[in-house]
file structure.pdb (PDB, C-alpha atoms and all ligand atoms)
ATOM      1  CA  PRO A 867     -11.713   8.033 -14.951
ATOM      2  CA  LEU A 868     -14.941   8.628 -13.074
ATOM      3  CA  ALA A 869     -14.659  10.668  -9.870
ATOM      4  CA  ASN A 870     -16.696  11.709  -6.897
ATOM      5  CA  TRP A 871     -15.409  15.095  -5.727
ATOM      6  CA  ASN A 872     -16.931  16.374  -2.475
ATOM      7  CA  GLY A 873     -20.060  14.317  -3.014
ATOM      8  CA  THR A 874     -20.608  15.145  -6.693
ATOM      9  CA  GLN A 875     -19.989  12.591  -9.422
ATOM     10  CA  MET A 876     -17.963  13.996 -12.352
ATOM     11  CA  PRO A 877     -15.148  13.128 -14.771
ATOM     12  CA  LEU A 878     -11.836  13.209 -12.849
ATOM     13  CA  SER A 879     -10.534  15.943 -15.187
ATOM     14  CA  GLU A 880     -13.260  18.283 -13.923
ATOM     15  CA  ALA A 881     -12.337  18.010 -10.227
ATOM     16  CA  LYS A 882     -10.551  21.202  -9.107
ATOM     17  CA  VAL A 883      -8.953  22.119  -5.774
ATOM     18  CA  SER A 884      -7.929  25.403  -4.116
ATOM     19  CA  VAL A 885      -4.243  26.279  -3.672
ATOM     20  CA  LEU A 886      -5.139  26.976  -0.006
ATOM     21  CA  ASP A 887      -6.136  23.356   0.507
ATOM     22  CA  ARG A 888      -4.016  22.004   3.375
ATOM     23  CA  ALA A 889      -3.020  19.026   1.252
ATOM     24  CA  PHE A 890      -1.345  21.443  -1.199
ATOM     25  CA  LEU A 891       0.269  23.578   1.531
ATOM     26  CA  PHE A 892       1.176  20.971   4.181
ATOM     27  CA  GLY A 893       0.457  17.501   2.783
ATOM     28  CA  ASP A 894      -2.310  17.402   5.413
ATOM     29  CA  ALA A 895      -4.248  14.504   3.886
ATOM     30  CA  ILE A 896      -4.911  10.789   4.115
ATOM     31  CA  TYR A 897      -5.296   8.386   1.188
ATOM     32  CA  GLU A 898      -6.279   4.823   0.358
ATOM     33  CA  VAL A 899      -5.817   2.662  -2.720
ATOM     34  CA  LEU A 900      -7.973  -0.396  -3.203
ATOM     35  CA  ARG A 901      -8.526  -2.893  -5.938
ATOM     36  CA  VAL A 902     -11.637  -3.663  -7.939
ATOM     37  CA  TYR A 903     -11.877  -7.272  -9.124
ATOM     38  CA  GLY A 904     -14.895  -8.392 -11.151
ATOM     39  CA  GLY A 905     -16.540  -4.996 -10.559
ATOM     40  CA  LYS A 906     -16.339  -5.328  -6.771
ATOM     41  CA  PRO A 907     -14.064  -3.418  -4.336
ATOM     42  CA  PHE A 908     -11.661  -5.926  -2.737
ATOM     43  CA  LEU A 909     -11.080  -6.015   1.054
ATOM     44  CA  PHE A 910     -13.384  -3.017   1.198
ATOM     45  CA  ASP A 911     -14.185  -3.057   4.924
ATOM     46  CA  ASP A 912     -10.485  -3.301   5.837
ATOM     47  CA  HIS A 913      -9.595  -0.280   3.698
ATOM     48  CA  ILE A 914     -12.479   1.783   5.098
ATOM     49  CA  ALA A 915     -11.528   0.782   8.655
ATOM     50  CA  ARG A 916      -7.918   1.920   8.050
ATOM     51  CA  LEU A 917      -9.210   5.195   6.555
ATOM     52  CA  LYS A 918     -11.299   5.744   9.692
ATOM     53  CA  ARG A 919      -8.328   5.007  11.994
ATOM     54  CA  ASN A 920      -6.226   7.513  10.035
ATOM     55  CA  PHE A 921      -8.927  10.195  10.371
ATOM     56  CA  GLU A 922      -8.775   9.636  14.132
ATOM     57  CA  LYS A 923      -4.954   9.833  14.208
ATOM     58  CA  LEU A 924      -5.099  13.268  12.526
ATOM     59  CA  GLN A 925      -8.341  14.510  14.162
ATOM     60  CA  LEU A 926      -9.716  14.838  10.634
ATOM     61  CA  PRO A 927     -13.493  15.289  10.911
ATOM     62  CA  ALA A 928     -14.506  13.223   7.858
ATOM     63  CA  ASP A 929     -17.087  10.430   7.767
ATOM     64  CA  ALA A 930     -15.610   7.157   6.469
ATOM     65  CA  ASP A 931     -19.065   5.584   6.118
ATOM     66  CA  ILE A 932     -20.248   8.330   3.765
ATOM     67  CA  ILE A 933     -17.052   7.911   1.743
ATOM     68  CA  ALA A 934     -17.616   4.143   1.626
ATOM     69  CA  GLN A 935     -21.098   4.717   0.211
ATOM     70  CA  ARG A 936     -19.694   7.074  -2.461
ATOM     71  CA  VAL A 937     -17.038   4.497  -3.379
ATOM     72  CA  ARG A 938     -19.761   1.876  -3.940
ATOM     73  CA  GLU A 939     -21.775   4.322  -6.093
ATOM     74  CA  THR A 940     -18.754   5.450  -8.125
ATOM     75  CA  VAL A 941     -17.602   1.884  -8.824
ATOM     76  CA  ALA A 942     -21.161   0.917  -9.815
ATOM     77  CA  ALA A 943     -21.510   3.953 -12.109
ATOM     78  CA  SER A 944     -18.145   3.345 -13.783
ATOM     79  CA  ASP A 945     -17.335   0.855 -16.543
ATOM     80  CA  VAL A 946     -14.462  -0.558 -14.477
ATOM     81  CA  THR A 947     -14.407  -4.277 -13.716
ATOM     82  CA  GLU A 948     -10.632  -4.652 -13.159
ATOM     83  CA  GLY A 949      -9.255  -1.503 -11.597
ATOM     84  CA  THR A 950      -8.307   0.613  -8.631
ATOM     85  CA  VAL A 951     -10.109   3.093  -6.421
ATOM     86  CA  TYR A 952      -8.130   6.060  -5.120
ATOM     87  CA  ILE A 953      -9.467   7.888  -2.072
ATOM     88  CA  GLN A 954      -7.937  11.079  -0.703
ATOM     89  CA  VAL A 955      -9.311  13.190   2.124
ATOM     90  CA  THR A 956      -7.655  16.465   3.105
ATOM     91  CA  ARG A 957      -8.295  18.736   6.074
ATOM     92  CA  GLY A 958      -9.709  21.242   3.601
ATOM     93  CA  VAL A 959      -9.195  24.876   2.618
ATOM     94  CA  ALA A 960      -8.067  27.326   5.317
ATOM     95  CA  PRO A 961      -5.743  30.331   5.846
ATOM     96  CA  ARG A 962      -2.171  29.041   6.152
ATOM     97  CA  ILE A 963      -1.402  28.316   9.797
ATOM     98  CA  HIS A 964       0.409  25.125  10.834
ATOM     99  CA  ARG A 965      -1.886  23.951  13.609
ATOM    100  CA  TYR A 966      -5.283  22.538  12.785
ATOM    101  CA  PRO A 967      -7.758  25.451  12.327
ATOM    102  CA  THR A 968      -9.908  26.134  15.435
ATOM    103  CA  THR A 969     -13.034  26.007  13.287
ATOM    104  CA  PRO A 970     -12.391  22.874  11.198
ATOM    105  CA  PRO A 971     -12.835  23.515   7.455
ATOM    106  CA  THR A 972     -14.896  21.106   5.372
ATOM    107  CA  PRO A 973     -12.619  18.198   4.351
ATOM    108  CA  SER A 974     -11.916  17.896   0.618
ATOM    109  CA  GLU A 975     -12.930  14.400  -0.455
ATOM    110  CA  LEU A 976     -11.782  12.756  -3.670
ATOM    111  CA  ILE A 977     -12.658   9.312  -4.948
ATOM    112  CA  TYR A 978     -11.859   8.063  -8.410
ATOM    113  CA  VAL A 979     -12.075   4.735 -10.148
ATOM    114  CA  ALA A 980      -9.586   3.763 -12.859
ATOM    115  CA  HIS A 981      -8.860   0.748 -15.035
ATOM    116  CA  PHE A 982      -5.839  -1.234 -13.842
ATOM    117  CA  LYS A 983      -4.089  -4.261 -15.261
ATOM    118  CA  ASP A 984      -1.738  -6.415 -13.181
ATOM    119  CA  PRO A 985       1.748  -5.163 -14.159
ATOM    120  CA  TYR A 986       3.553  -8.206 -12.727
ATOM    121  CA  GLN A 987       1.842 -11.118 -14.489
ATOM    122  CA  GLU A 988       5.127 -12.274 -16.044
ATOM    123  CA  LEU A 989       7.516 -11.180 -13.268
ATOM    124  CA  ARG A 990       5.420 -13.045 -10.691
ATOM    125  CA  LYS A 991       6.294 -16.361 -12.385
ATOM    126  CA  VAL A 992      10.067 -15.836 -12.366
ATOM    127  CA  GLY A 993      10.662 -13.493  -9.418
ATOM    128  CA  ALA A 994      12.079  -9.989  -9.271
ATOM    129  CA  ARG A 995      15.347  -8.339  -8.300
ATOM    130  CA  VAL A 996      15.162  -5.411  -5.855
ATOM    131  CA  ILE A 997      17.626  -2.959  -4.346
ATOM    132  CA  ILE A 998      18.118  -1.821  -0.736
ATOM    133  CA  LEU A 999      17.949   1.855   0.212
ATOM    134  CA  GLU A1000      18.086   3.788   3.447
ATOM    135  CA  ASP A1001      14.613   4.531   4.859
ATOM    136  CA  LEU A1002      14.457   8.329   4.644
ATOM    137  CA  ARG A1003      10.817   8.596   5.760
ATOM    138  CA  TRP A1004       9.492  10.191   8.924
ATOM    139  CA  LYS A1005       8.768   8.426  12.237
ATOM    140  CA  ARG A1006       5.001   7.897  11.691
ATOM    141  CA  CYS A1007       4.890   5.620   8.653
ATOM    142  CA  ASP A1008       1.819   3.955  10.190
ATOM    143  CA  ILE A1009      -0.157   7.023   9.066
ATOM    144  CA  LYS A1010      -1.222   6.676   5.435
ATOM    145  CA  SER A1011      -0.537  10.316   4.601
ATOM    146  CA  VAL A1012       0.094  11.704   1.131
ATOM    147  CA  ASN A1013       3.612  12.831   2.143
ATOM    148  CA  LEU A1014       5.302  10.287  -0.090
ATOM    149  CA  LEU A1015       8.387  12.134  -1.319
ATOM    150  CA  ALA A1016      10.847   9.700   0.323
ATOM    151  CA  ASN A1017       8.818   6.805  -1.141
ATOM    152  CA  CYS A1018       8.850   8.471  -4.586
ATOM    153  CA  MET A1019      12.626   9.010  -4.419
ATOM    154  CA  ALA A1020      13.161   5.336  -3.500
ATOM    155  CA  ALA A1021      10.807   4.156  -6.263
ATOM    156  CA  GLN A1022      12.656   6.325  -8.808
ATOM    157  CA  THR A1023      16.086   4.995  -7.734
ATOM    158  CA  ALA A1024      14.713   1.440  -8.046
ATOM    159  CA  TYR A1025      13.315   2.224 -11.490
ATOM    160  CA  GLU A1026      16.662   3.613 -12.632
ATOM    161  CA  ALA A1027      18.284   0.380 -11.390
ATOM    162  CA  GLY A1028      15.808  -1.661 -13.464
ATOM    163  CA  CYS A1029      14.002  -2.958 -10.356
ATOM    164  CA  PRO A1030      10.259  -2.926  -9.547
ATOM    165  CA  GLU A1031      10.835  -2.026  -5.889
ATOM    166  CA  ALA A1032      13.356  -0.852  -3.290
ATOM    167  CA  LEU A1033      13.496  -2.369   0.198
ATOM    168  CA  LEU A1034      14.015   0.206   2.940
ATOM    169  CA  VAL A1035      16.470  -0.371   5.820
ATOM    170  CA  ASP A1036      16.602   1.550   9.083
ATOM    171  CA  GLY A1037      19.760   2.691  10.896
ATOM    172  CA  GLU A1038      20.266  -0.831  12.314
ATOM    173  CA  ASP A1039      20.088  -2.486   8.862
ATOM    174  CA  ARG A1040      16.640  -3.922   9.572
ATOM    175  CA  LEU A1041      14.491  -4.396   6.471
ATOM    176  CA  ILE A1042      11.276  -2.523   7.261
ATOM    177  CA  GLU A1043       9.184  -2.642   4.074
ATOM    178  CA  GLY A1044       9.292  -1.589   0.432
ATOM    179  CA  SER A1045       8.652   1.918  -0.921
ATOM    180  CA  ARG A1046       5.028   0.859  -1.528
ATOM    181  CA  THR A1047       4.869  -2.760  -0.355
ATOM    182  CA  SER A1048       5.077  -4.930   2.774
ATOM    183  CA  LEU A1049       7.953  -7.424   3.048
ATOM    184  CA  PHE A1050       8.006 -11.108   3.982
ATOM    185  CA  GLY A1051      10.749 -13.721   4.238
ATOM    186  CA  VAL A1052      10.559 -17.499   4.533
ATOM    187  CA  ARG A1053      13.061 -19.486   6.584
ATOM    188  CA  ASP A1054      12.742 -23.203   7.345
ATOM    189  CA  GLY A1055       9.090 -23.171   6.261
ATOM    190  CA  ARG A1056       8.140 -20.260   8.524
ATOM    191  CA  ILE A1057       7.116 -16.809   7.288
ATOM    192  CA  LEU A1058       8.761 -13.752   8.849
ATOM    193  CA  THR A1059       7.489 -10.185   8.625
ATOM    194  CA  ALA A1060       8.194  -7.014  10.586
ATOM    195  CA  PRO A1061       5.794  -6.376  13.500
ATOM    196  CA  LEU A1062       3.417  -3.435  13.179
ATOM    197  CA  GLY A1063       4.626  -0.185  14.731
ATOM    198  CA  GLN A1064       5.052   3.478  13.930
ATOM    199  CA  ASN A1065       7.812   2.706  11.383
ATOM    200  CA  ILE A1066       5.608   0.653   9.033
ATOM    201  CA  LEU A1067       2.305   0.853   7.175
ATOM    202  CA  PRO A1068      -0.238  -1.693   8.434
ATOM    203  CA  GLY A1069      -0.826  -3.172   4.990
ATOM    204  CA  ILE A1070      -4.242  -4.554   4.126
ATOM    205  CA  THR A1071      -2.608  -7.140   1.852
ATOM    206  CA  ARG A1072      -0.228  -7.969   4.750
ATOM    207  CA  LYS A1073      -3.278  -8.688   6.898
ATOM    208  CA  LEU A1074      -4.793 -10.894   4.181
ATOM    209  CA  LEU A1075      -1.476 -12.696   3.757
ATOM    210  CA  ILE A1076      -1.315 -13.568   7.459
ATOM    211  CA  GLN A1077      -4.828 -15.008   7.112
ATOM    212  CA  LEU A1078      -3.904 -16.962   3.960
ATOM    213  CA  ALA A1079      -0.778 -18.339   5.679
ATOM    214  CA  GLY A1080      -3.051 -19.667   8.425
ATOM    215  CA  GLU A1081      -5.338 -21.302   5.875
ATOM    216  CA  CYS A1082      -2.280 -22.880   4.195
ATOM    217  CA  ASN A1083      -0.980 -24.104   7.584
ATOM    218  CA  VAL A1084       2.217 -22.076   7.239
ATOM    219  CA  GLU A1085       3.462 -20.601  10.516
ATOM    220  CA  ILE A1086       4.194 -16.903  10.648
ATOM    221  CA  SER A1087       6.361 -14.916  13.070
ATOM    222  CA  GLU A1088       6.242 -11.150  13.394
ATOM    223  CA  ALA A1089      10.018 -10.728  13.517
ATOM    224  CA  THR A1090      11.994  -8.106  11.613
ATOM    225  CA  ILE A1091      14.301  -9.394   8.885
ATOM    226  CA  HIS A1092      17.866  -8.095   9.178
ATOM    227  CA  ARG A1093      20.014  -7.381   6.145
ATOM    228  CA  ASP A1094      22.451 -10.072   7.389
ATOM    229  CA  ASP A1095      19.596 -12.637   7.357
ATOM    230  CA  LEU A1096      19.206 -12.465   3.557
ATOM    231  CA  PRO A1097      21.710 -15.280   2.762
ATOM    232  CA  LYS A1098      19.862 -17.565   5.217
ATOM    233  CA  LEU A1099      16.395 -17.019   3.726
ATOM    234  CA  ASP A1100      14.743 -19.601   1.491
ATOM    235  CA  GLU A1101      12.233 -17.154   0.004
ATOM    236  CA  LEU A1102      11.431 -13.460  -0.003
ATOM    237  CA  PHE A1103       8.369 -11.649  -1.316
ATOM    238  CA  ILE A1104       6.504  -8.347  -1.190
ATOM    239  CA  THR A1105       2.785  -7.606  -1.021
ATOM    240  CA  GLY A1106       0.584  -4.588  -1.698
ATOM    241  CA  THR A1107      -2.729  -3.546  -3.136
ATOM    242  CA  THR A1108      -1.415  -3.000  -6.665
ATOM    243  CA  THR A1109       1.517  -5.426  -6.368
ATOM    244  CA  GLU A1110      -0.574  -8.313  -4.937
ATOM    245  CA  ILE A1111       2.149 -10.889  -4.081
ATOM    246  CA  LEU A1112       5.482 -10.643  -5.903
ATOM    247  CA  PRO A1113       8.339 -13.114  -5.304
ATOM    248  CA  ILE A1114      11.821 -11.590  -4.867
ATOM    249  CA  THR A1115      14.607 -13.879  -6.054
ATOM    250  CA  GLN A1116      17.486 -11.427  -5.855
ATOM    251  CA  VAL A1117      18.384  -8.492  -3.581
ATOM    252  CA  GLU A1118      21.134  -6.431  -5.203
ATOM    253  CA  ASP A1119      23.723  -9.191  -5.932
ATOM    254  CA  GLN A1120      22.459 -11.616  -3.246
ATOM    255  CA  THR A1121      20.445 -14.535  -4.639
ATOM    256  CA  ILE A1122      17.581 -15.577  -2.333
ATOM    257  CA  GLY A1123      17.361 -19.334  -1.714
ATOM    258  CA  ASP A1124      18.017 -21.155  -4.981
ATOM    259  CA  GLY A1125      16.995 -18.118  -7.038
ATOM    260  CA  THR A1126      13.644 -19.532  -8.125
ATOM    261  CA  VAL A1127      10.084 -18.821  -6.994
ATOM    262  CA  GLY A1128       9.709 -20.979  -3.880
ATOM    263  CA  PRO A1129       6.916 -23.316  -2.727
ATOM    264  CA  VAL A1130       5.578 -21.135   0.102
ATOM    265  CA  VAL A1131       5.079 -18.002  -1.999
ATOM    266  CA  SER A1132       3.643 -20.111  -4.845
ATOM    267  CA  GLN A1133       1.059 -21.557  -2.465
ATOM    268  CA  LEU A1134       0.157 -18.061  -1.230
ATOM    269  CA  ILE A1135      -0.184 -16.688  -4.776
ATOM    270  CA  THR A1136      -2.633 -19.514  -5.516
ATOM    271  CA  ALA A1137      -4.528 -18.806  -2.281
ATOM    272  CA  TYR A1138      -4.688 -15.080  -3.142
ATOM    273  CA  ALA A1139      -6.093 -15.883  -6.597
ATOM    274  CA  ARG A1140      -8.783 -18.022  -4.970
ATOM    275  CA  THR A1141      -9.901 -15.159  -2.695
ATOM    276  CA  ILE A1142     -10.500 -12.798  -5.633
ATOM    277  CA  GLU A1143     -12.525 -15.332  -7.632
TER
HETATM  278  N1  LIG B   1       1.094   0.918  -1.413
HETATM  279  N2  LIG B   1       3.909  -0.111   2.574
HETATM  280  C1  LIG B   1       3.820   1.099   1.999
HETATM  281  C2  LIG B   1       4.825   2.130   2.323
HETATM  282  C3  LIG B   1       2.765   1.350   1.080
HETATM  283  O1  LIG B   1       2.648   2.544   0.493
HETATM  284  C4  LIG B   1       1.818   0.323   0.795
HETATM  285  C5  LIG B   1       0.665   0.575  -0.131
HETATM  286  C6  LIG B   1       1.988  -0.922   1.416
HETATM  287  C7  LIG B   1       1.045  -2.059   1.183
HETATM  288  O2  LIG B   1      -0.197  -1.776   1.814
HETATM  289  P1  LIG B   1      -1.567  -2.337   1.234
HETATM  290  O3  LIG B   1      -1.448  -3.818   1.230
HETATM  291  O4  LIG B   1      -2.575  -1.847   2.209
HETATM  292  O5  LIG B   1      -1.714  -1.762  -0.138
HETATM  293  C8  LIG B   1       3.029  -1.097   2.316
HETATM  294  C9  LIG B   1       0.245   1.413  -2.446
HETATM  295  C10 LIG B   1      -0.959   2.099  -1.991
HETATM  296  C11 LIG B   1      -0.127   0.350  -3.443
HETATM  297  O6  LIG B   1       0.229  -0.811  -3.268
HETATM  298  O7  LIG B   1      -0.768   0.708  -4.432
END
call {"tool": "encode", "arguments": {"input": "structure.pdb", "output": "C-alpha cells"}}
result
Amino acid sequence: PLANWNGTQMPLSEAKVSVLDRAFLFGDAIYEVLRVYGGKPFLFDDHIARLKRNFEKLQLPADADIIAQRVRETVAASDVTEGTVYIQVTRGVAPRIHRYPTTPPTPSELIYVAHFKDPYQELRKVGARVIILEDLRWKRCDIKSVNLLANCMAAQTAYEAGCPEALLVDGEDRLIEGSRTSLFGVRDGRILTAPLGQNILPGITRKLLIQLAGECNVEISEATIHRDDLPKLDELFITGTTTEILPITQVEDQTIGDGTVGPVVSQLITAYARTIE
C-alpha cells in the first residue's frame, strides 16, 4: 500500500514510528477509515469533519485540512480504484507522562491507501447471524480513538462463533451498536436506531443511512433497541464504512422477522448503491 507518513509519500512498509509515540504508550491517537469507490474517497467531507471534531475533543493540535489534502494526493498517486483509506493521527513523541505535554509534540500523521473488496457480497443477499456480547468499552465511545481492545475481543468472539459481527449490550440490555458497525431495526415500517451520545460512535454510514431513509420516505426514530424488542422487529441491519449495509436475519437463536432480507433494508441497499455510482 501507498502511504503518506508525516507529509512524505512512501511505501507503507517504510513508515516507522518511535516507541515513545503516545499512541504506542497510551493509545493517544485518533483514526478514520473511509472508502474509495471508482478512485474517489466516499463521504470525504463527513470523515474529515469527524476527524476535526475528534482533534478538538482531545486537544490534538493537528490540521484536518492538511490531512485531507494529503489523502487526495495519496489516493490520486495510488493505483487503487476500489479500496480504503486509513488515517491515524497521534499526539506524537514525548517523554512518558500521562497528561498532555506542556509543549505539544508534533503529531504523528499516517495515511495509507489499500485495495479492498466488499467481503459481504454474498451474505448481503441472504442476511447474517450475529451474537450479543456485553459492551466492555469505556464511557467515551463517541471518540474515534485507537483504543479498540474491547472491540477486538468482541470481533474475535464473533469470529469464533462463525458470525461477522457481535452486537454490544449495556447493563440495561440495550443494544448500542456492533463492535465496528452501527445498528438499525425496523418495526411496522419505521426504522429505529440508538440516539447519538457518549456511548456510541457517530457513524458516517449511519448519517448517510438516515438521509437515504428520508429519500426513500421511510420514517426513522432515534430510539434505542432493547434486547427484549428483538422478537417484535421485522428487520435488523448493521452499517459501517467497510460493512456498508448488512441485513441481520438471526441474533443468536432468535430469528428476525420471517428470517429473510426484508423490503426496507433491500430498498436502502439499492439506494446506497446508487449513491456510490
Ligand atoms: N468501523 N461503530 C463502531 C464501534 C465502529 O468502529 C464503526 C466504524 C462504526 C461505523 O462507523 P462508520 O459508518 O463511520 O464507519 C460504528 C470501522 C472503521 C469500519 O467500518 O471499517
call {"tool": "residues_near_ligand", "arguments": {"input": "structure.pdb", "ligand": "ligand LIG 1 (chain B)", "cutoff": "6 Å", "atoms": "all atoms listed in the file", "output": "PyMOL selection string"}}
result
chain A and resi 899+1044-1048+1067+1069-1072+1106-1109
call {"tool": "write_last_selection", "arguments": {"input": "structure.pdb", "atoms": "C-alpha atoms", "output": "JSON list (two decimals), in the coordinates of the input"}}
result
[["chain", "number", "residue", "atom", "x", "y", "z"],
["A", 899, "VAL", "CA", -5.82, 2.66, -2.72],
["A", 1044, "GLY", "CA", 9.29, -1.59, 0.43],
["A", 1045, "SER", "CA", 8.65, 1.92, -0.92],
["A", 1046, "ARG", "CA", 5.03, 0.86, -1.53],
["A", 1047, "THR", "CA", 4.87, -2.76, -0.36],
["A", 1048, "SER", "CA", 5.08, -4.93, 2.77],
["A", 1067, "LEU", "CA", 2.31, 0.85, 7.18],
["A", 1069, "GLY", "CA", -0.83, -3.17, 4.99],
["A", 1070, "ILE", "CA", -4.24, -4.55, 4.13],
["A", 1071, "THR", "CA", -2.61, -7.14, 1.85],
["A", 1072, "ARG", "CA", -0.23, -7.97, 4.75],
["A", 1106, "GLY", "CA", 0.58, -4.59, -1.70],
["A", 1107, "THR", "CA", -2.73, -3.55, -3.14],
["A", 1108, "THR", "CA", -1.42, -3.00, -6.66],
["A", 1109, "THR", "CA", 1.52, -5.43, -6.37]]
call {"tool": "closest_residue", "arguments": {"input": "structure.pdb", "among": "A:Thr956, A:Asn870, A:Gln987, A:Gln1077", "to": "Ile932 of chain A", "atoms": "all atoms listed in the file"}}
result
A:Asn870
call {"tool": "closest_residue", "arguments": {"input": "structure.pdb", "among": "A:Ile1076, A:Ile997, A:Met876, A:Ala928", "to": "Val979 of chain A", "atoms": "all atoms listed in the file"}}
result
A:Met876
call {"tool": "atom_distance", "arguments": {"input": "structure.pdb", "atom1": "atom CA of Leu1096 of chain A", "atom2": "atom CA of Thr1059 of chain A"}}
result
13.0 Å
call {"tool": "residues_around", "arguments": {"input": "structure.pdb", "residues": "segment 908-913 of chain A", "least_positions_apart": "6", "cutoff": "7 Å", "atoms": "all atoms listed in the file", "output": "ChimeraX atom specification"}}
result
/A:898,900-902,1070
call {"tool": "residues_around", "arguments": {"input": "structure.pdb", "residues": "segment 1102-1105 of chain A", "least_positions_apart": "6", "cutoff": "6 Å", "atoms": "only C-alpha atoms", "output": "PyMOL selection string"}}
result
chain A and resi 1047-1051+1111-1114
call {"tool": "resolve_selection", "arguments": {"input": "structure.pdb", "expression": "the PyMOL selection byres (((chain A and resi 955) around 7) and not hetatm)", "output": "list in words"}}
result
Ala895, Ile896, Tyr897, Ile953, Gln954, Thr956, Arg957, Pro973, Ser974, Glu975 and Leu976 of chain A
call {"tool": "resolve_selection", "arguments": {"input": "structure.pdb", "expression": "the PyMOL selection byres (((chain A and resi 1080-1087) around 6) and not hetatm)", "output": "list of chain:residue names"}}
result
A:Arg1056, A:Ile1057, A:Leu1058, A:Gln1077, A:Leu1078, A:Ala1079, A:Glu1088, A:Ala1089
call {"tool": "residues_around", "arguments": {"input": "structure.pdb", "residues": "Glu1101 of chain A", "least_positions_apart": "6", "cutoff": "9 Å", "atoms": "all atoms listed in the file", "output": "PyMOL selection string"}}
result
chain A and resi 1050-1053+1057+1113-1115+1122-1131
call {"tool": "closest_residue", "arguments": {"input": "structure.pdb", "among": "A:Leu1075, A:Ile1091, A:Leu886, A:Ile914", "to": "Tyr1138 of chain A", "atoms": "only C-alpha atoms"}}
result
A:Leu1075
call {"tool": "axis_aligned_box", "arguments": {"input": "structure.pdb", "around": "segment 1003-1007 of chain A", "padding_each_side": "8 Å", "output": "lines of an AutoDock Vina configuration file"}}
result
center_x = 7.9
center_y = 7.9
center_z = 9.0
size_x = 21.9
size_y = 20.6
size_z = 22.5
call {"tool": "closest_residue", "arguments": {"input": "structure.pdb", "among": "A:Cys1029, A:Arg1006, A:Met1019, A:Gln1120", "to": "Leu1062 of chain A", "atoms": "all atoms listed in the file"}}
result
A:Arg1006
